[in-house]
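What follows is one structure encoded as structure tokens, with my remarks underneath.
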Amino acid sequence: MAGSVWCALALWLLVSNLFVPSYGFSRYETWAALLAGAAVLALMLGIPWLLDLLDRLLRFRWIQVMGSVLGWAAVFAVLMRFADAVRLPPDWDAAVVFFSARGLALEGGPEAVDGNYFQANPNNTLLMLLLSRYLVVADGLGAQDLRQSVAYLGAALLFCGVLLTYAAAALLGGRRAARMTLVPSIILIVLSPWLPVFYSDTAALPFTISIFCLLVVAGRCRLPGRLLLWAAAGALSAVGYGVKPTVLIVLVAAALVTLLSPRRRSWGKDLLTSVLSVAVAAGCFAGTSAVLGAWTGSLLGKDSADKELAMPFTHFLKVGAQQYPGRHGDYYGAYNEQDRIGTQQIADPQERFDAGVEAYRERVAAMGPWGYAGFLNAKLRWMTGDGSFFSWGEGRMTADDFIADDPLSRTVQDFYGPGRPGFGVLLNVWQGTWFLVLALCGAGLFLRGPPLNSRGAVTVRIALLGLFVFLALSEGRARFLYLYVPFFIVLGSLSMQRLAAGAWGPADRRRLSRQQRARDTPPPPSSDEVVE
């Protein structure tokens with residue numbers, strides 16, 4: 001039921017943005033975005049067909065494997081080259097994270113870290129520490145430009161996200177569904193709107209989809225393998241939570257689905273196994289969080305654990321209930337400098353907490369019930385209507401500050417950033433792809449049967465519904481959706497697979513060898529993996 005609600009919500013947000021666009025930082029052209037979406041749709045159908053044709057022509061398994069390796073290597077090389085071409089000097093919060101990590105890596109002491117910032121924003125502490133350890137290794141290997149090393153790290157993490165998106169779709173829908181993720185993944189992740197900047201949104205992207213893959217595999221394992229995978233998911237969720245708190249939504253959604261959908265014939269045993277799995281994951285999450293806290297204290301000192309100056313979650317609740325004019329329309333629930341200053345001026349933590357609650361109540365009361373409902377609708381429309389994910393909308397980022405200056409980099413840069421000659425083209429391609437993915441996700445409302453009714457697919461929908469609810473109430477903008485882009489792409493590929501089933505008729509299936517059909521078909525879900 002909740003999954004159907006999310007599909008219906010996705011359709012509403014798509015249709016409403018098509019007729020009444022709600023722009024982010026950049027303004028796209030709806031007609032151009034729709035044309036780009038149609039082209040992407042053709043590619044999503046054509047690429048799997050072409051790869052199937054190559055499989056039939058290249059019958060030797062080793063040739064197919066070699067071709068796959070070369071293809072992925074080409075994607076990796078392009079992503080690395082583009083990341084180097086469009087890297088920018090660190091700005092806004094990303095600058096504090098980078099310079100503190102670099103200082104800690106090179107100087108080795110907590111005095112190199114901006115302590116005031118991280119006491120107020122402890123959610124970025126783990127990202128900074130992990131980045132500092134990476135920079136220690138990069139510096140030890142002789143890296144001449146640590147900013148370039150960070151750009152390569154961001155590209156590597158995005159590449160992992162592409163691979164894991166492919167793997168997740170393969171686990172749920174087989175190889176053909178996985179191949180349908182390639183085009184949207186290349187456009188939205190390889191050519192990422194956030195490729196110029198390394199920050200928590202791109203760093204957390206592989207965490208969400210890797211946790212999901214672990215839990216899907218766990219659903220097909222028996223004890224004790226299932227418990228081990230849930231334990232790994234819990235530990236990985238703790239690390240991901242430290243990088244971006246919304247990563248935890250994946251584990252919570254999976255826990256709800258597994259607890260609330262026991263098998264009818266053996267519900268008692270299945271429920272016991274589910275409770276045990278969730279308990280193990282929760283224990284590993286808590287244990288890993290404690291270890292990370294101790295590690296943070298060992299590097300930054302005891303003051304790093306002091307939460308007296310931290311922004312309470314009621315501050316973000318307050319920020320999430322306001323709007324102000326932006327470049328192309330109002331911004332809903334976005335960062336507000338006056339709210340930040342007002343919160344930090346309150347010294348007592350309890351008073352700071354209470355002030356956030358009171359401000360939230362006052363703002364909601366001023367809108368009234370219907371006004372607040374309309375505000376939440378407008379806020380979700382604004383966040384989900386931006387296929388460039390609010391890129392270039394933070395801090396003082398401009399497209400005039402690229403670091404690389406060689407001819408090839410200059411050519412790539414022409415497609416990144418407002419004012420660049422090719423930016424409008426890439427912007428409309430991003431937007432068209434995003435519209436298409438949303439449409440395919442919403443189409444799940446009308447599609448039935450495996451794999452759309454599997455626990456994995458339901459978990460994705462519940463996680464995205466939880467994300468929407470969280471961002472509707474808290475501070476938010478389209479950037480906060482980016483780490484869940486693989487989930488949208490996976491759901492879209494499953495819907496596309498069902499919708500395109502008639503494109504590969506019986507004659508096509510007969511031409512496939514038995515081995516090829518086996519690779520195209522997803523592993524049969526166990527009876528406890530289907531939501532009844």
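Ordered as shown in the structure tokens, chains take letters A, B, and onward, while each chain numbers its residues from 1 and ligands are numbered from 1 in the order shown.
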> Can you tell me, as a PyMOL selection string, what residues are no more than 12 Å from Ser495 of chain A when counting only C-alpha atoms, ignoring any on the same chain fewer than 2 positions away?
Replying inline: chain A and resi 7+44+169+172-173+176-178+180-181+436-453+457+488-493+497-501
> Using only C-alpha atoms, which residues sit within 6 Å of segment 247-252 of chain A once same-chain residues fewer than 6 positions away are excluded, as an MDAnalysis selection string?
Replying inline: chainID A and resid 208 237 240:241 463
Selection above as a file: N, CA, C and O atoms, as a PDB file, in the first residue's frame:
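Below is the file part-v5.pdb, written as the result:
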ATOM      1  N   THR A 208      24.008   3.998  -0.063  1.00  0.00           N
ATOM      2  CA  THR A 208      22.599   3.619  -0.119  1.00  0.00           C
ATOM      3  C   THR A 208      22.385   2.369  -0.970  1.00  0.00           C
ATOM      4  O   THR A 208      21.704   1.432  -0.547  1.00  0.00           O
ATOM      5  N   SER A 237      25.626   0.880   7.311  1.00  0.00           N
ATOM      6  CA  SER A 237      24.668   1.970   7.538  1.00  0.00           C
ATOM      7  C   SER A 237      25.202   2.961   8.558  1.00  0.00           C
ATOM      8  O   SER A 237      24.945   4.173   8.448  1.00  0.00           O
ATOM      9  N   GLY A 240      27.640   5.075   6.650  1.00  0.00           N
ATOM     10  CA  GLY A 240      26.883   5.935   5.748  1.00  0.00           C
ATOM     11  C   GLY A 240      26.118   7.020   6.497  1.00  0.00           C
ATOM     12  O   GLY A 240      26.035   8.162   6.036  1.00  0.00           O
ATOM     13  N   TYR A 241      25.570   6.676   7.650  1.00  0.00           N
ATOM     14  CA  TYR A 241      24.851   7.654   8.468  1.00  0.00           C
ATOM     15  C   TYR A 241      25.779   8.782   8.905  1.00  0.00           C
ATOM     16  O   TYR A 241      25.374   9.947   8.950  1.00  0.00           O
ATOM     17  N   ALA A 463      11.613   3.149   1.057  1.00  0.00           N
ATOM     18  CA  ALA A 463      12.745   4.020   1.366  1.00  0.00           C
ATOM     19  C   ALA A 463      12.557   5.397   0.725  1.00  0.00           C
ATOM     20  O   ALA A 463      12.792   6.431   1.369  1.00  0.00           O
TER      21      ALA A 463
END
> Between A:Phe19, A:Phe313, A:Tyr332, A:Phe82, which is the closest to Ser409 of chain A once you count only C-alpha atoms?
Replying inline: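 Of A:Phe19, A:Phe313, A:Tyr332, A:Phe82, the one nearest Ser409 of chain A, counting only C-alpha atoms, is A:Phe82.
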> Which residues, written as a list of chain:residue names, have at least one atom at most 12 Å from Ala39 of chain A, with only C-alpha atoms counted and residues fewer than 2 positions away on the same chain left out?
Replying inline: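 In the requested format, the answer is A:Ala32, A:Ala33, A:Leu34, A:Leu35, A:Ala36, A:Gly37, A:Leu41, A:Ala42, A:Leu43, A:Met44, A:Leu45, A:Gly46, A:Ile47, A:Val183, A:Pro184, A:Asn428, A:Val429, A:Trp430, A:Gly432, A:Thr433, A:Leu436.
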Please dump the current selection as an mmCIF file, in the first residue's frame; keep N, CA, C and O atoms.
data_model
loop_
_atom_site.group_PDB
_atom_site.id
_atom_site.type_symbol
_atom_site.label_atom_id
_atom_site.label_comp_id
_atom_site.auth_asym_id
_atom_site.auth_seq_id
_atom_site.Cartn_x
_atom_site.Cartn_y
_atom_site.Cartn_z
ATOM 1 N N ALA A 32 12.361 20.916 -24.773
ATOM 2 C CA ALA A 32 13.663 20.298 -25.038
ATOM 3 C C ALA A 32 13.914 19.127 -24.102
ATOM 4 O O ALA A 32 14.484 18.105 -24.514
ATOM 5 N N ALA A 33 13.476 19.265 -22.856
ATOM 6 C CA ALA A 33 13.636 18.161 -21.909
ATOM 7 C C ALA A 33 12.810 16.949 -22.350
ATOM 8 O O ALA A 33 13.262 15.802 -22.231
ATOM 9 N N LEU A 34 11.610 17.181 -22.860
ATOM 10 C CA LEU A 34 10.778 16.061 -23.325
ATOM 11 C C LEU A 34 11.400 15.384 -24.543
ATOM 12 O O LEU A 34 11.355 14.141 -24.659
ATOM 13 N N LEU A 35 11.965 16.167 -25.459
ATOM 14 C CA LEU A 35 12.650 15.568 -26.602
ATOM 15 C C LEU A 35 13.850 14.737 -26.138
ATOM 16 O O LEU A 35 14.094 13.630 -26.638
ATOM 17 N N ALA A 36 14.601 15.283 -25.177
ATOM 18 C CA ALA A 36 15.739 14.533 -24.647
ATOM 19 C C ALA A 36 15.269 13.266 -23.963
ATOM 20 O O ALA A 36 15.895 12.198 -24.106
ATOM 21 N N GLY A 37 14.155 13.345 -23.219
ATOM 22 C CA GLY A 37 13.613 12.158 -22.568
ATOM 23 C C GLY A 37 13.205 11.088 -23.564
ATOM 24 O O GLY A 37 13.419 9.894 -23.333
ATOM 25 N N LEU A 41 14.721 7.382 -23.801
ATOM 26 C CA LEU A 41 13.848 6.205 -23.823
ATOM 27 C C LEU A 41 14.244 5.263 -24.957
ATOM 28 O O LEU A 41 14.329 4.039 -24.764
ATOM 29 N N ALA A 42 14.496 5.819 -26.128
ATOM 30 C CA ALA A 42 14.916 4.992 -27.259
ATOM 31 C C ALA A 42 16.239 4.297 -26.968
ATOM 32 O O ALA A 42 16.422 3.117 -27.300
ATOM 33 N N LEU A 43 17.152 5.015 -26.329
ATOM 34 C CA LEU A 43 18.440 4.403 -25.984
ATOM 35 C C LEU A 43 18.293 3.332 -24.917
ATOM 36 O O LEU A 43 18.985 2.308 -24.952
ATOM 37 N N MET A 44 17.402 3.559 -23.955
ATOM 38 C CA MET A 44 17.186 2.550 -22.912
ATOM 39 C C MET A 44 16.665 1.248 -23.503
ATOM 40 O O MET A 44 16.970 0.160 -23.001
ATOM 41 N N LEU A 45 15.876 1.358 -24.569
ATOM 42 C CA LEU A 45 15.395 0.163 -25.247
ATOM 43 C C LEU A 45 16.427 -0.384 -26.224
ATOM 44 O O LEU A 45 16.568 -1.601 -26.385
ATOM 45 N N GLY A 46 17.140 0.523 -26.893
ATOM 46 C CA GLY A 46 18.047 0.086 -27.953
ATOM 47 C C GLY A 46 19.339 -0.511 -27.453
ATOM 48 O O GLY A 46 19.844 -1.481 -28.042
ATOM 49 N N ILE A 47 19.915 0.034 -26.389
ATOM 50 C CA ILE A 47 21.196 -0.475 -25.897
ATOM 51 C C ILE A 47 21.092 -1.935 -25.465
ATOM 52 O O ILE A 47 21.938 -2.762 -25.857
ATOM 53 N N VAL A 183 21.972 3.700 -19.529
ATOM 54 C CA VAL A 183 21.838 5.043 -20.101
ATOM 55 C C VAL A 183 21.512 6.083 -19.025
ATOM 56 O O VAL A 183 22.203 7.104 -18.920
ATOM 57 N N PRO A 184 20.465 5.873 -18.192
ATOM 58 C CA PRO A 184 20.220 6.883 -17.150
ATOM 59 C C PRO A 184 21.357 7.001 -16.148
ATOM 60 O O PRO A 184 21.621 8.094 -15.633
ATOM 61 N N ASN A 428 19.099 20.170 -20.231
ATOM 62 C CA ASN A 428 17.862 19.564 -20.741
ATOM 63 C C ASN A 428 17.960 18.052 -20.819
ATOM 64 O O ASN A 428 16.953 17.353 -20.635
ATOM 65 N N VAL A 429 19.152 17.528 -21.079
ATOM 66 C CA VAL A 429 19.332 16.071 -21.076
ATOM 67 C C VAL A 429 19.161 15.522 -19.656
ATOM 68 O O VAL A 429 18.496 14.502 -19.450
ATOM 69 N N TRP A 430 19.767 16.200 -18.677
ATOM 70 C CA TRP A 430 19.547 15.789 -17.279
ATOM 71 C C TRP A 430 18.059 15.805 -16.946
ATOM 72 O O TRP A 430 17.522 14.840 -16.383
ATOM 73 N N GLY A 432 15.364 15.816 -18.930
ATOM 74 C CA GLY A 432 14.578 14.831 -19.663
ATOM 75 C C GLY A 432 14.761 13.428 -19.122
ATOM 76 O O GLY A 432 13.801 12.644 -19.026
ATOM 77 N N THR A 433 15.992 13.088 -18.776
ATOM 78 C CA THR A 433 16.250 11.768 -18.192
ATOM 79 C C THR A 433 15.548 11.623 -16.855
ATOM 80 O O THR A 433 14.954 10.572 -16.559
ATOM 81 N N LEU A 436 11.869 11.094 -17.364
ATOM 82 C CA LEU A 436 11.614 9.733 -17.817
ATOM 83 C C LEU A 436 11.691 8.748 -16.660
ATOM 84 O O LEU A 436 10.830 7.859 -16.524
#
> Hey, what does DSSP flag as alpha helix (DSSP H) within segment 57-291 of chain A? Can you give it to me as a ChimeraX atom specification?
Replying inline: /A:57,61-85,92-107,115-120,125-140,146-179,182-185,200-203,205-218,225-243,248-260,267-291
> Do you know which residues are at most 12 Å from Phe423 of chain A counting only C-alpha atoms, after dropping those on the same chain fewer than 3 positions away, and could you put them as JSON, numbers by chain?
Replying inline: {"A": [26, 27, 28, 193, 388, 391, 392, 399, 411, 412, 413, 414, 415, 416, 417, 418, 419, 420, 426, 427, 428, 429, 430]}
With N, CA, C and O atoms retained, write the just-selected residues as an mmCIF file, in the first residue's frame.
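Ended up saving to part_21.cif:
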data_model
loop_
_atom_site.group_PDB
_atom_site.id
_atom_site.type_symbol
_atom_site.label_atom_id
_atom_site.label_comp_id
_atom_site.auth_asym_id
_atom_site.auth_seq_id
_atom_site.Cartn_x
_atom_site.Cartn_y
_atom_site.Cartn_z
ATOM 1 N N SER A 26 18.634 26.373 -11.940
ATOM 2 C CA SER A 26 18.740 26.602 -13.383
ATOM 3 C C SER A 26 17.386 26.347 -14.042
ATOM 4 O O SER A 26 16.601 25.513 -13.587
ATOM 5 N N ARG A 27 17.135 27.052 -15.120
ATOM 6 C CA ARG A 27 15.845 26.960 -15.818
ATOM 7 C C ARG A 27 16.011 26.159 -17.110
ATOM 8 O O ARG A 27 16.752 26.551 -18.008
ATOM 9 N N TYR A 28 15.325 25.053 -17.213
ATOM 10 C CA TYR A 28 15.351 24.220 -18.407
ATOM 11 C C TYR A 28 14.180 24.593 -19.314
ATOM 12 O O TYR A 28 13.280 25.352 -18.926
ATOM 13 N N PRO A 193 25.573 16.092 -12.333
ATOM 14 C CA PRO A 193 25.527 17.539 -12.109
ATOM 15 C C PRO A 193 26.438 17.990 -10.966
ATOM 16 O O PRO A 193 26.831 19.156 -10.919
ATOM 17 N N SER A 388 18.680 18.727 -12.385
ATOM 18 C CA SER A 388 20.096 19.047 -12.170
ATOM 19 C C SER A 388 20.442 19.065 -10.688
ATOM 20 O O SER A 388 21.573 19.371 -10.314
ATOM 21 N N SER A 391 22.388 21.820 -8.594
ATOM 22 C CA SER A 391 23.812 22.070 -8.812
ATOM 23 C C SER A 391 24.021 23.533 -9.151
ATOM 24 O O SER A 391 23.167 24.172 -9.778
ATOM 25 N N TRP A 392 25.142 24.090 -8.722
ATOM 26 C CA TRP A 392 25.524 25.483 -8.877
ATOM 27 C C TRP A 392 24.708 26.421 -8.001
ATOM 28 O O TRP A 392 24.843 27.632 -8.104
ATOM 29 N N ALA A 399 30.877 29.007 -12.947
ATOM 30 C CA ALA A 399 31.510 28.240 -14.011
ATOM 31 C C ALA A 399 32.738 28.944 -14.570
ATOM 32 O O ALA A 399 33.228 28.563 -15.639
ATOM 33 N N THR A 411 36.904 22.043 -23.362
ATOM 34 C CA THR A 411 35.751 21.572 -24.136
ATOM 35 C C THR A 411 34.697 20.955 -23.227
ATOM 36 O O THR A 411 33.495 21.221 -23.372
ATOM 37 N N VAL A 412 35.135 20.120 -22.282
ATOM 38 C CA VAL A 412 34.196 19.503 -21.336
ATOM 39 C C VAL A 412 33.532 20.581 -20.481
ATOM 40 O O VAL A 412 32.323 20.533 -20.214
ATOM 41 N N GLN A 413 34.297 21.566 -20.053
ATOM 42 C CA GLN A 413 33.766 22.625 -19.186
ATOM 43 C C GLN A 413 32.663 23.432 -19.859
ATOM 44 O O GLN A 413 31.802 24.004 -19.178
ATOM 45 N N ASP A 414 32.673 23.463 -21.175
ATOM 46 C CA ASP A 414 31.654 24.231 -21.893
ATOM 47 C C ASP A 414 30.243 23.691 -21.649
ATOM 48 O O ASP A 414 29.259 24.371 -21.957
ATOM 49 N N PHE A 415 30.137 22.463 -21.125
ATOM 50 C CA PHE A 415 28.827 21.867 -20.859
ATOM 51 C C PHE A 415 28.440 21.929 -19.384
ATOM 52 O O PHE A 415 27.370 21.444 -19.010
ATOM 53 N N TYR A 416 29.305 22.488 -18.560
ATOM 54 C CA TYR A 416 29.046 22.531 -17.119
ATOM 55 C C TYR A 416 28.976 23.968 -16.629
ATOM 56 O O TYR A 416 29.934 24.724 -16.762
ATOM 57 N N GLY A 417 27.840 24.336 -16.054
ATOM 58 C CA GLY A 417 27.722 25.620 -15.395
ATOM 59 C C GLY A 417 26.932 26.649 -16.172
ATOM 60 O O GLY A 417 27.067 26.745 -17.402
ATOM 61 N N PRO A 418 26.087 27.418 -15.492
ATOM 62 C CA PRO A 418 25.320 28.479 -16.156
ATOM 63 C C PRO A 418 26.229 29.448 -16.893
ATOM 64 O O PRO A 418 27.298 29.832 -16.408
ATOM 65 N N GLY A 419 25.796 29.830 -18.083
ATOM 66 C CA GLY A 419 26.569 30.756 -18.896
ATOM 67 C C GLY A 419 27.499 30.075 -19.877
ATOM 68 O O GLY A 419 27.983 30.717 -20.817
ATOM 69 N N ARG A 420 27.762 28.776 -19.699
ATOM 70 C CA ARG A 420 28.605 28.042 -20.646
ATOM 71 C C ARG A 420 27.804 27.715 -21.909
ATOM 72 O O ARG A 420 26.588 27.456 -21.836
ATOM 73 N N LEU A 426 23.148 20.059 -21.894
ATOM 74 C CA LEU A 426 23.285 19.056 -20.842
ATOM 75 C C LEU A 426 22.193 19.203 -19.789
ATOM 76 O O LEU A 426 21.680 18.209 -19.266
ATOM 77 N N LEU A 427 21.809 20.436 -19.483
ATOM 78 C CA LEU A 427 20.740 20.670 -18.515
ATOM 79 C C LEU A 427 19.445 20.017 -18.969
ATOM 80 O O LEU A 427 18.749 19.357 -18.174
ATOM 81 N N ASN A 428 19.099 20.170 -20.231
ATOM 82 C CA ASN A 428 17.862 19.564 -20.741
ATOM 83 C C ASN A 428 17.960 18.052 -20.819
ATOM 84 O O ASN A 428 16.953 17.353 -20.635
ATOM 85 N N VAL A 429 19.152 17.528 -21.079
ATOM 86 C CA VAL A 429 19.332 16.071 -21.076
ATOM 87 C C VAL A 429 19.161 15.522 -19.656
ATOM 88 O O VAL A 429 18.496 14.502 -19.450
ATOM 89 N N TRP A 430 19.767 16.200 -18.677
ATOM 90 C CA TRP A 430 19.547 15.789 -17.279
ATOM 91 C C TRP A 430 18.059 15.805 -16.946
ATOM 92 O O TRP A 430 17.522 14.840 -16.383
#
> Could you name the residues that touch Leu259 of chain A at 10 Å or less, counting only C-alpha atoms, but leaving out those on the same chain fewer than 4 positions away, as a ChimeraX atom specification?
Replying inline: /A:253-255,270-275,277-278
>> Would you pick out the contacts of Arg352 of chain A at 12 Å or less, using only C-alpha atoms, so that residues sharing its chain but fewer than 6 positions from it are not included, and give the list as a list in words?
In response: Glu308, Leu309, Ala310, Met311, Pro312, Phe313, Thr314, His315, Phe316, Lys318, Asp339, Arg340, Ile341, Gly342, Thr343, Gln344, Gln345, Ile346, Glu358 and Ala359 of chain A
Those selected residues, please, written with C-alpha atoms and delivered as a CSV table (one decimal), in the first residue's frame.
chain,number,residue,atom,x,y,z
A,308,GLU,CA,26.6,21.6,23.2
A,309,LEU,CA,27.0,23.8,20.0
A,310,ALA,CA,25.4,21.3,17.6
A,311,MET,CA,22.4,22.4,15.6
A,312,PRO,CA,19.3,20.6,17.0
A,313,PHE,CA,17.1,18.8,14.6
A,314,THR,CA,14.4,21.3,15.4
A,315,HIS,CA,16.4,23.9,13.7
A,316,PHE,CA,16.1,22.0,10.4
A,318,LYS,CA,12.1,25.3,11.4
A,339,ASP,CA,17.6,31.1,10.6
A,340,ARG,CA,21.2,29.8,11.1
A,341,ILE,CA,22.3,32.9,12.8
A,342,GLY,CA,19.2,33.0,15.0
A,343,THR,CA,19.8,29.4,16.2
A,344,GLN,CA,23.5,29.9,16.9
A,345,GLN,CA,22.8,33.0,18.9
A,346,ILE,CA,21.0,30.9,21.5
A,358,GLU,CA,8.3,27.2,18.7
A,359,ALA,CA,9.4,28.8,15.4
> Which is closer to Cys213 of chain A than all the others in A:Tyr117, A:Arg102, A:Ala168, A:Tyr152, using only C-alpha atoms?
Replying inline: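 Going through A:Tyr117, A:Arg102, A:Ala168, A:Tyr152 one by one, the smallest distance to Cys213 of chain A is for A:Ala168.
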>> What does the structure give for the distance between atom CA of Val280 of chain A and atom CA of Ile462 of chain A, in Å to one decimal?
In response: 21.2 Å
From segment 107-333 of chain A, collect each residue whose DSSP state is strand (DSSP E) and return the set as an mmCIF file with N, CA and C atoms, in the first residue's frame.
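What ended up in selection.cif:
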data_model
loop_
_atom_site.group_PDB
_atom_site.id
_atom_site.type_symbol
_atom_site.label_atom_id
_atom_site.label_comp_id
_atom_site.auth_asym_id
_atom_site.auth_seq_id
_atom_site.Cartn_x
_atom_site.Cartn_y
_atom_site.Cartn_z
ATOM 1 N N GLN A 323 9.848 29.824 3.143
ATOM 2 C CA GLN A 323 10.136 29.983 1.722
ATOM 3 C C GLN A 323 10.580 31.413 1.453
ATOM 4 N N TYR A 324 11.301 31.576 0.349
ATOM 5 C CA TYR A 324 11.746 32.909 -0.041
ATOM 6 C C TYR A 324 12.023 32.903 -1.541
ATOM 7 N N PRO A 325 12.058 34.072 -2.183
ATOM 8 C CA PRO A 325 12.237 34.129 -3.640
ATOM 9 C C PRO A 325 13.616 33.614 -4.061
ATOM 10 N N ASP A 330 10.056 30.659 -6.128
ATOM 11 C CA ASP A 330 10.339 30.528 -4.696
ATOM 12 C C ASP A 330 11.144 29.273 -4.386
ATOM 13 N N TYR A 331 11.983 29.393 -3.347
ATOM 14 C CA TYR A 331 12.682 28.253 -2.758
ATOM 15 C C TYR A 331 11.914 27.833 -1.511
ATOM 16 N N TYR A 332 11.658 26.538 -1.378
ATOM 17 C CA TYR A 332 10.842 26.015 -0.286
ATOM 18 C C TYR A 332 11.700 25.180 0.665
#
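Between atom CA of Leu129 of chain A and atom CA of Leu299 of chain A there is a distance of 8.4 Å.
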>> So that I can see what lies close to Leu229 of chain A, please list as a ChimeraX atom specification the residues with an atom at most 7 Å from it, counting only C-alpha atoms and leaving out residues fewer than 2 positions away in the same chain.
In response: /A:214-215,218,225-227,231-233
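Here the question is which of A:Tyr166, A:Tyr199, A:Asn116, A:Leu191 gets nearest to Leu131 of chain A using only C-alpha atoms, and that residue is A:Tyr199.
Nearest to Leu205 of chain A of all the residues A:Pro224, A:Pro245, A:Gly385, A:Gly24 is A:Pro245, based on only C-alpha atoms.
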> With distances taken over only C-alpha atoms, which of A:Val239, A:Val197, A:Ala143, A:Val65 is nearest to Trp92 of chain A?
Replying inline: A:Val197
> What is the atom CA of Val460 of chain A to atom CA of Phe487 of chain A distance in Å?
Replying inline: 6.3 Å
